[in-house]
>>> print(open('structure11.cif').read())   # mmCIF, C-alpha atoms
data_protein
loop_
_atom_site.label_atom_id
_atom_site.label_comp_id
_atom_site.auth_asym_id
_atom_site.auth_seq_id
_atom_site.Cartn_x
_atom_site.Cartn_y
_atom_site.Cartn_z
CA MET N 200 26.01 28.23 -58.38
CA LEU N 201 23.04 28.83 -60.67
CA ILE N 202 19.65 27.39 -59.81
CA LEU N 203 18.92 24.70 -62.36
CA VAL N 204 15.51 25.76 -63.63
CA LYS N 205 14.28 27.11 -66.91
CA CYS N 206 14.48 30.86 -67.31
CA LEU N 207 11.61 32.48 -65.44
CA LYS N 208 10.46 36.04 -65.79
CA VAL N 209 10.23 37.59 -62.33
CA LEU N 210 8.26 40.70 -61.42
CA VAL N 211 9.56 42.63 -58.40
CA VAL N 212 7.07 45.21 -57.09
CA GLY N 213 8.89 47.76 -54.94
CA TYR N 214 12.58 48.60 -54.98
CA GLY N 215 13.44 49.53 -51.42
CA SER N 216 16.16 47.74 -49.47
CA ILE N 217 14.58 44.28 -49.54
CA GLY N 218 13.54 44.65 -53.17
CA LYS N 219 17.13 45.51 -54.07
CA ARG N 220 18.42 42.51 -52.13
CA HIS N 221 16.08 40.12 -53.92
CA VAL N 222 16.98 41.58 -57.32
CA ARG N 223 20.72 41.20 -56.59
CA ASN N 224 20.21 37.62 -55.46
CA LEU N 225 18.03 36.75 -58.43
CA LEU N 226 20.61 38.17 -60.84
CA SER N 227 23.47 36.33 -59.11
CA ASN N 228 21.77 33.00 -58.47
CA THR N 229 19.33 32.49 -61.33
CA LYS N 230 19.11 33.12 -65.06
CA SER N 231 15.78 34.88 -64.64
CA GLN N 232 14.68 37.91 -66.56
CA ILE N 233 13.52 40.59 -64.11
CA VAL N 234 10.84 43.26 -64.38
CA ILE N 235 10.92 45.94 -61.67
CA CYS N 236 7.94 48.10 -60.76
CA THR N 237 9.16 51.27 -59.07
CA LYS N 238 8.94 55.04 -59.25
CA ARG N 239 12.54 55.39 -58.08
CA LYS N 240 14.98 57.03 -60.43
CA ASN N 241 18.71 56.58 -61.17
CA LEU N 242 18.67 52.80 -61.61
CA THR N 243 21.30 52.89 -64.36
CA SER N 244 23.60 50.39 -62.64
CA LEU N 245 21.27 47.45 -63.31
CA ASP N 246 21.98 44.95 -66.07
CA LYS N 247 19.75 46.17 -68.88
CA LYS N 248 20.05 42.84 -70.71
CA ARG N 249 18.18 41.07 -67.92
CA VAL N 250 16.25 43.87 -66.21
CA LYS N 251 13.36 46.04 -67.39
CA ILE N 252 12.02 48.89 -65.27
CA PHE N 253 8.52 50.39 -65.35
CA ASP N 254 6.70 52.89 -63.16
CA SER N 255 3.31 51.14 -63.16
CA LEU N 256 2.06 47.65 -62.46
CA SER N 257 -0.04 47.56 -65.62
CA LYS N 258 3.05 48.14 -67.78
CA CYS N 259 4.91 45.42 -65.90
CA LEU N 260 2.13 42.89 -66.43
CA LEU N 261 2.32 43.44 -70.19
CA GLU N 262 5.73 41.73 -69.95
CA LYS N 263 3.93 38.49 -68.92
CA PRO N 264 5.93 37.61 -65.79
CA ASP N 265 5.73 34.10 -64.32
CA ILE N 266 6.13 34.96 -60.65
CA GLY N 267 5.81 38.08 -58.52
CA PHE N 268 7.90 39.32 -55.61
CA ILE N 269 5.87 41.75 -53.48
CA THR N 270 8.41 43.99 -51.75
CA ASN N 271 6.61 47.33 -51.54
CA GLU N 272 5.35 48.94 -48.33
CA THR N 273 3.32 46.70 -46.01
CA ALA N 274 0.10 48.71 -46.42
CA TYR N 275 0.13 47.95 -50.17
CA HIS N 276 0.93 44.22 -49.99
CA MET N 277 -2.64 43.01 -50.12
CA GLN N 278 -3.85 45.09 -53.07
CA THR N 279 -0.72 44.18 -55.02
CA ALA N 280 -0.99 40.48 -54.18
CA ILE N 281 -4.64 40.37 -55.26
CA LYS N 282 -3.82 41.99 -58.61
CA LEU N 283 -1.01 39.52 -59.28
CA ALA N 284 -3.05 36.53 -58.10
CA ARG N 285 -5.79 37.47 -60.54
CA GLU N 286 -3.13 37.32 -63.26
CA LYS N 287 -2.25 33.82 -61.96
CA LEU N 288 1.28 34.67 -60.84
CA ASP N 289 2.90 32.57 -58.13
CA LEU N 290 3.76 34.89 -55.26
CA PHE N 291 6.65 35.63 -52.95
CA ILE N 292 5.26 38.07 -50.37
CA GLU N 293 7.61 39.92 -48.06
CA LYS N 294 6.64 39.94 -44.42
CA PRO N 295 4.22 40.84 -43.01
CA LEU N 296 1.32 39.79 -45.20
CA SER N 297 -0.45 43.10 -44.51
CA ASN N 298 -1.22 45.58 -41.74
CA SER N 299 -4.81 44.34 -41.33
CA MET N 300 -6.97 41.33 -42.16
CA LYS N 301 -8.85 43.28 -44.82
CA ASP N 302 -9.13 41.32 -48.09
CA VAL N 303 -6.98 38.47 -46.76
CA MET N 304 -9.72 35.93 -47.56
CA VAL N 305 -10.07 37.40 -51.06
CA LEU N 306 -6.41 36.61 -51.67
CA LYS N 307 -6.69 33.17 -50.07
CA ASN N 308 -9.62 32.26 -52.34
CA LEU N 309 -7.76 33.47 -55.43
CA VAL N 310 -4.68 31.46 -54.48
CA LYS N 311 -6.79 28.34 -53.97
CA ARG N 312 -8.84 28.82 -57.14
CA ASN N 313 -5.80 29.46 -59.34
CA LYS N 314 -3.65 26.82 -57.57
CA LEU N 315 -0.87 29.31 -56.92
CA ILE N 316 2.36 28.72 -55.01
CA VAL N 317 2.88 31.31 -52.28
CA GLN N 318 5.86 31.89 -50.01
CA MET N 319 6.10 34.42 -47.21
CA GLY N 320 9.43 36.23 -46.81
CA TYR N 321 10.32 34.94 -43.36
CA ASN N 322 14.03 34.50 -43.97
CA LEU N 323 14.76 33.33 -40.39
CA ARG N 324 13.24 29.98 -41.36
CA PHE N 325 16.35 29.61 -43.52
CA HIS N 326 18.79 30.58 -40.76
CA GLU N 327 20.85 27.54 -39.74
CA CYS N 328 20.65 28.38 -36.04
CA VAL N 329 16.87 28.80 -36.01
CA ASN N 330 16.52 25.52 -37.90
CA LYS N 331 18.80 23.79 -35.39
CA ILE N 332 16.77 25.18 -32.47
CA ARG N 333 13.56 23.86 -34.00
CA HIS N 334 15.18 20.46 -34.55
CA LEU N 335 16.39 20.29 -30.94
CA VAL N 336 12.92 21.18 -29.62
CA LYS N 337 11.29 18.51 -31.81
CA GLN N 338 13.83 15.98 -30.51
CA LYS N 339 12.97 16.97 -26.91
CA LYS N 340 16.66 17.51 -26.17
CA ILE N 341 15.84 19.53 -23.05
CA GLY N 342 12.76 17.58 -22.03
CA ARG N 343 9.41 19.29 -21.68
CA ILE N 344 9.56 22.96 -22.67
CA ILE N 345 8.52 25.36 -19.91
CA SER N 346 9.35 28.88 -21.10
CA ILE N 347 11.06 30.96 -23.78
CA GLN N 348 12.73 34.36 -23.65
CA ALA N 349 13.11 35.92 -27.11
CA GLU N 350 14.52 39.36 -27.87
CA ASN N 351 15.05 41.42 -30.99
CA GLY N 352 16.39 44.95 -30.72
CA SER N 353 18.02 47.33 -33.18
CA TYR N 354 18.46 51.06 -33.69
CA LEU N 355 16.18 52.13 -36.55
CA PRO N 356 18.42 54.95 -37.92
CA ASP N 357 21.20 52.37 -38.35
CA TRP N 358 19.15 50.16 -40.66
CA HIS N 359 19.96 52.19 -43.79
CA PRO N 360 22.52 54.85 -42.82
CA SER N 361 22.44 56.48 -46.25
CA GLU N 362 18.68 57.11 -45.97
CA ASP N 363 16.57 59.26 -43.64
CA TYR N 364 14.85 56.81 -41.29
CA LYS N 365 11.98 59.29 -40.80
CA LYS N 366 10.96 58.74 -44.44
CA GLY N 367 11.01 54.93 -44.32
CA TYR N 368 7.88 52.80 -44.10
CA ALA N 369 8.96 51.20 -40.79
CA GLY N 370 8.33 54.46 -38.94
CA LYS N 371 5.02 55.38 -40.57
CA LYS N 372 1.67 54.11 -39.34
CA LYS N 373 -0.12 54.70 -42.66
CA LEU N 374 2.40 52.47 -44.45
CA GLY N 375 2.05 49.59 -41.99
CA GLY N 376 5.17 50.27 -39.94
CA GLY N 377 5.88 49.81 -36.26
CA ILE N 378 8.06 47.35 -34.39
CA ILE N 379 5.41 44.60 -34.14
CA LEU N 380 4.71 44.25 -37.86
CA THR N 381 8.17 45.22 -39.08
CA GLN N 382 9.91 42.67 -36.83
CA ILE N 383 7.26 39.99 -37.13
CA HIS N 384 10.10 37.56 -37.94
CA ASP N 385 10.38 36.67 -34.26
CA VAL N 386 6.66 36.08 -33.97
CA ASP N 387 6.95 33.78 -36.98
CA TYR N 388 9.79 31.59 -35.76
CA LEU N 389 8.11 31.16 -32.37
CA TYR N 390 4.91 30.13 -34.16
CA TRP N 391 6.94 27.84 -36.47
CA ILE N 392 8.53 26.05 -33.52
CA PHE N 393 5.73 26.05 -30.94
CA GLY N 394 2.52 26.32 -32.97
CA ASN N 395 -0.36 28.72 -32.78
CA PRO N 396 -0.64 30.56 -29.42
CA LYS N 397 -3.66 30.14 -27.17
CA SER N 398 -3.54 33.65 -25.70
CA LEU N 399 -1.27 36.66 -25.26
CA PHE N 400 -0.89 39.94 -23.44
CA SER N 401 1.17 42.84 -24.80
CA ILE N 402 2.38 46.28 -23.86
CA SER N 403 3.60 48.52 -26.66
CA GLY N 404 4.02 52.17 -27.49
CA LYS N 405 6.28 54.99 -28.63
CA TYR N 406 8.84 55.41 -25.83
CA SER N 407 12.09 56.58 -27.42
CA ASN N 408 13.09 59.92 -28.98
CA LEU N 409 12.82 58.56 -32.52
CA ASP N 410 10.82 60.79 -34.86
CA ILE N 411 8.27 58.17 -35.93
CA SER N 412 4.49 57.75 -35.74
CA VAL N 413 4.40 54.10 -34.62
CA GLU N 414 5.26 51.94 -31.62
CA ASP N 415 9.00 51.44 -31.09
CA TYR N 416 8.68 49.00 -28.18
CA SER N 417 6.68 45.86 -27.54
CA ALA N 418 6.76 43.38 -24.67
CA SER N 419 4.50 40.34 -24.87
CA ILE N 420 3.65 37.28 -22.82
CA ILE N 421 2.51 34.57 -25.24
CA GLN N 422 1.04 31.27 -24.08
CA PHE N 423 1.28 28.27 -26.37
CA LYS N 424 -0.19 24.79 -25.86
CA ASN N 425 1.09 22.57 -23.03
CA LYS N 426 1.46 25.69 -20.84
CA ILE N 427 4.56 26.83 -22.75
CA THR N 428 5.02 30.57 -22.16
CA ALA N 429 7.15 32.95 -24.23
CA GLU N 430 8.36 36.42 -23.29
CA LEU N 431 8.96 38.40 -26.48
CA HIS N 432 10.79 41.75 -26.49
CA LEU N 433 10.95 43.90 -29.62
CA ASP N 434 12.37 47.41 -30.00
CA PHE N 435 13.60 50.00 -32.50
CA PHE N 436 16.01 51.82 -30.13
CA GLN N 437 18.61 49.23 -29.11
CA GLY N 438 22.08 49.33 -30.57
CA PRO N 439 23.91 47.36 -31.74
CA GLU N 440 21.46 45.01 -33.42
CA TYR N 441 20.82 41.99 -31.22
CA ARG N 442 18.59 38.93 -31.37
CA LYS N 443 18.46 36.04 -28.91
CA CYS N 444 16.37 33.03 -28.00
CA LYS N 445 16.60 31.15 -24.69
CA ILE N 446 14.42 28.08 -24.29
CA LYS N 447 14.12 26.47 -20.86
CA GLY N 448 13.01 22.88 -20.34
CA THR N 449 12.82 20.33 -17.57
CA ASN N 450 16.25 18.93 -18.50
CA GLY N 451 18.16 22.03 -19.58
CA ILE N 452 18.42 25.11 -21.80
CA ILE N 453 18.79 25.88 -25.51
CA PHE N 454 20.42 29.26 -26.19
CA TRP N 455 21.27 31.26 -29.32
CA ASP N 456 22.20 34.88 -29.96
CA SER N 457 22.92 36.73 -33.18
CA ILE N 458 26.33 38.05 -32.12
CA ASN N 459 27.99 34.66 -31.62
CA ASN N 460 25.64 32.71 -33.93
CA GLU N 461 26.13 29.67 -31.76
CA VAL N 462 23.45 27.27 -30.56
CA LYS N 463 24.35 25.96 -27.11
CA LEU N 464 22.76 23.28 -24.98
CA TYR N 465 22.90 23.22 -21.18
CA ASN N 466 22.38 19.87 -19.47
CA ASN N 467 20.96 20.13 -15.95
CA ARG N 468 22.29 16.73 -14.92
CA LYS N 469 25.82 17.18 -16.30
CA LYS N 470 25.84 20.88 -15.32
CA ARG N 471 27.65 22.06 -18.42
CA TRP N 472 27.15 23.80 -21.74
CA VAL N 473 27.78 22.03 -25.06
CA SER N 474 28.12 23.84 -28.40
CA ILE N 475 25.72 22.26 -30.90
CA LEU N 476 26.27 24.61 -33.85
CA LYS N 477 28.72 27.46 -34.38
CA LEU N 478 28.53 29.53 -37.56
CA LYS N 479 31.95 30.91 -38.45
CA ASN N 480 32.18 33.81 -40.91
CA TYR N 481 28.38 33.91 -41.04
CA GLU N 482 27.07 35.42 -44.26
CA ARG N 483 23.68 36.96 -43.55
CA ASN N 484 22.66 37.09 -47.19
CA GLN N 485 22.76 33.29 -47.48
CA MET N 486 19.33 32.82 -45.89
CA TYR N 487 17.85 35.22 -48.45
CA ILE N 488 19.46 33.23 -51.26
CA ASP N 489 18.20 29.97 -49.76
CA GLU N 490 14.62 31.22 -49.47
CA ILE N 491 14.62 32.20 -53.15
CA LYS N 492 16.00 28.78 -54.11
CA HIS N 493 13.28 27.11 -52.07
CA PHE N 494 10.54 29.25 -53.61
CA ILE N 495 11.65 28.62 -57.19
CA LYS N 496 12.01 24.91 -56.51
CA CYS N 497 8.43 24.83 -55.18
CA VAL N 498 7.18 26.82 -58.18
CA LYS N 499 8.75 24.28 -60.54
CA SER N 500 7.53 21.23 -58.62
CA ARG N 501 4.15 22.78 -57.69
CA LYS N 502 4.78 21.82 -54.06
CA LYS N 503 3.72 23.82 -50.99
CA THR N 504 6.43 26.10 -49.59
CA VAL N 505 7.83 25.89 -46.06
CA ASN N 506 6.06 29.16 -45.20
CA SER N 507 2.80 29.34 -47.11
CA LEU N 508 0.04 31.93 -47.26
CA ASP N 509 -1.73 30.17 -44.38
CA ASP N 510 1.39 30.69 -42.25
CA GLY N 511 1.45 34.35 -43.25
CA ILE N 512 -2.19 34.71 -42.19
CA LYS N 513 -1.55 33.06 -38.83
CA THR N 514 1.50 35.16 -37.97
CA LEU N 515 -0.32 38.33 -39.03
CA ASN N 516 -3.21 37.33 -36.78
CA ILE N 517 -0.80 36.94 -33.84
CA ALA N 518 0.84 40.31 -34.52
CA LEU N 519 -2.52 42.07 -34.79
CA ALA N 520 -3.59 40.43 -31.52
CA MET N 521 -0.45 41.87 -29.90
CA LYS N 522 -1.41 45.34 -31.13
CA LYS N 523 -5.01 44.84 -29.98
CA SER N 524 -3.90 43.66 -26.55
CA ALA N 525 -1.69 46.72 -26.08
CA THR N 526 -4.48 49.06 -27.19
CA HIS N 527 -7.18 47.56 -24.98
CA LYS N 528 -4.87 46.52 -22.13
CA LYS N 529 -6.28 43.01 -21.91
CA ILE N 530 -5.46 39.38 -22.65
CA ILE N 531 -6.40 38.31 -26.16
CA LYS N 532 -7.39 34.72 -26.87
CA LEU N 533 -6.55 33.24 -30.27
CA ASN N 534 -8.23 30.43 -32.17
#
>>> encode(input="structure11.cif", output="structure tokens")
Amino acid sequence: MLILVKCLKVLVVGYGSIGKRHVRNLLSNTKSQIVICTKRKNLTSLDKKRVKIFDSLSKCLLEKPDIGFITNETAYHMQTAIKLAREKLDLFIEKPLSNSMKDVMVLKNLVKRNKLIVQMGYNLRFHECVNKIRHLVKQKKIGRIISIQAENGSYLPDWHPSEDYKKGYAGKKKLGGGIILTQIHDVDYLYWIFGNPKSLFSISGKYSNLDISVEDYSASIIQFKNKITAELHLDFFQGPEYRKCKIKGTNGIIFWDSINNEVKLYNNRKKRWVSILKLKNYERNQMYIDEIKHFIKCVKSRKKTVNSLDDGIKTLNIALAMKKSATHKKIIKLN
């Protein structure tokens, strides 16, 4: 079904795997004209009636796009976002916001001054199971929350089998890679559900045999308000891909994992599990489609998105605190 909005011209900066996904979804779910900024070659399969391709940002901006999707390497997000914000483009910024806090306030001031709509690319906020978990927590279905165990593991070479993982940004420090920033999704949904952490302690490093220059493992203890404590495990060397979240409260447990895509509730008093949500024939791409729909709807209505620039700044701050904690081997307090 097409999104019912007037035809927008969309600039997509970067044409790696996530850039390609967004372009496919924009072509299939909107009537938008698309301008791609990339130095990649052999893009002949794209619909030339709706897509124009240039190898520089300045050439792309001559096409007068309305909105910009920033999908290049993490280390270049901030400089790209600032250029587009100065041109008064609304922004969809893939996660993470950057690999440092440098120039973040410059972008924030530009967004505020030009009244821009910004959405961070945290697609898990559009996953039905994650939304259901958040809803159950807000409803206090398991009483007072005590602790959380969250895990996200995958084998980096399996991400894009047709490409050499050693050349990808995720494995390169200078491009903003590493498990903490690359898999910041899990940091984000914990922040989304439980708020900004008070403090954290992390251990991370390069432990596997992968040929990369960044950390491939991270284990963190994160303390939120009301003494809620999360244990977060992230790695690049676990196969098959697996994500889970187990939330323990005074009255029971909420559990979800990515293999079954089922949210279950355990009741301490009744001593049994109940299935709350079961996704059959789960289509992973749907959350990416839904986040684009949400962004375009907010652009048209000039309403704040569900994951704004401020959210992107806060989750980046948490991720950088995790890296700092691991480097200095100490507890980091957050504002």
>>> residues_near_point(input="structure11.cif", point="(7.8, 31.9, -46.6)", cutoff="12 Å", atoms="all atoms listed in the file", output="PyMOL selection string")
chain N and resi 268+290-296+316-325+384+387-388+391+486-487+489-495+497+503-512+514
>>> closest_residue(input="structure11.cif", among="N:Val212, N:Ile281, N:Leu225, N:Leu409", to="Cys259 (chain N)", atoms="only C-alpha atoms")
N:Val212
>>> closest_residue(input="structure11.cif", among="N:Asp289, N:Glu350, N:Asp357, N:Asp434", to="Asp456 (chain N)", atoms="all atoms listed in the file")
N:Glu350
>>> closest_atom_pairs(input="structure11.cif", of="region 265-355 of chain N", to="region 466-480 of chain N", cutoff="10 Å", atoms="all atoms listed in the file", output="JSON lines")
{"residue": "N:Glu327", "atom": "CA", "partner": "N:Leu478", "partner_atom": "CA", "distance": 8.2}
{"residue": "N:Cys328", "atom": "CA", "partner": "N:Leu476", "partner_atom": "CA", "distance": 7.1}
{"residue": "N:Lys331", "atom": "CA", "partner": "N:Leu476", "partner_atom": "CA", "distance": 7.7}
{"residue": "N:Ile332", "atom": "CA", "partner": "N:Ile475", "partner_atom": "CA", "distance": 9.5}
{"residue": "N:Leu335", "atom": "CA", "partner": "N:Ile475", "partner_atom": "CA", "distance": 9.5}
{"residue": "N:Lys340", "atom": "CA", "partner": "N:Asn466", "partner_atom": "CA", "distance": 9.1}
{"residue": "N:Ile341", "atom": "CA", "partner": "N:Asn466", "partner_atom": "CA", "distance": 7.5}
>>> atom_distance(input="structure11.cif", atom1="CA of Gln485 (chain N)", atom2="CA of Arg223 (chain N)")
12.2 Å
>>> resolve_selection(input="structure11.cif", expression="the PyMOL selection byres ((chain N and resi 343) around 12)", output="ChimeraX atom specification")
/N:335-342,344-347,424-427,446-452
>>> atom_distance(input="structure11.cif", atom1="CA of Tyr406 (chain N)", atom2="CA of Tyr441 (chain N)")
18.8 Å
>>> resolve_selection(input="structure11.cif", expression="the PyMOL selection byres ((chain N and resi 356) around 12)", output="list in words")
Ser353, Tyr354, Leu355, Asp357, Trp358, His359, Pro360, Ser361, Glu362, Asp363, Tyr364, Lys365, Lys366, Gly367, Ala369, Gly370, Asn408, Leu409, Asp410, Ile411, Phe435, Phe436, Gln437, Gly438, Pro439 and Glu440 of chain N
>>> resolve_selection(input="structure11.cif", expression="the PyMOL selection byres ((chain N and resi 454) around 6)", output="PyMOL selection string")
chain N and resi 444-445+453+455+462-463
>>> write_last_selection(input="structure11.cif", atoms="C-alpha atoms", output="PDB file, in the coordinates of the input")
ATOM      1  CA  CYS N 444      16.370  33.030 -28.000  1.00  0.00           C
ATOM      2  CA  LYS N 445      16.600  31.150 -24.690  1.00  0.00           C
ATOM      3  CA  ILE N 453      18.790  25.880 -25.510  1.00  0.00           C
ATOM      4  CA  TRP N 455      21.270  31.260 -29.320  1.00  0.00           C
ATOM      5  CA  VAL N 462      23.450  27.270 -30.560  1.00  0.00           C
ATOM      6  CA  LYS N 463      24.350  25.960 -27.110  1.00  0.00           C
TER       7      LYS N 463
END
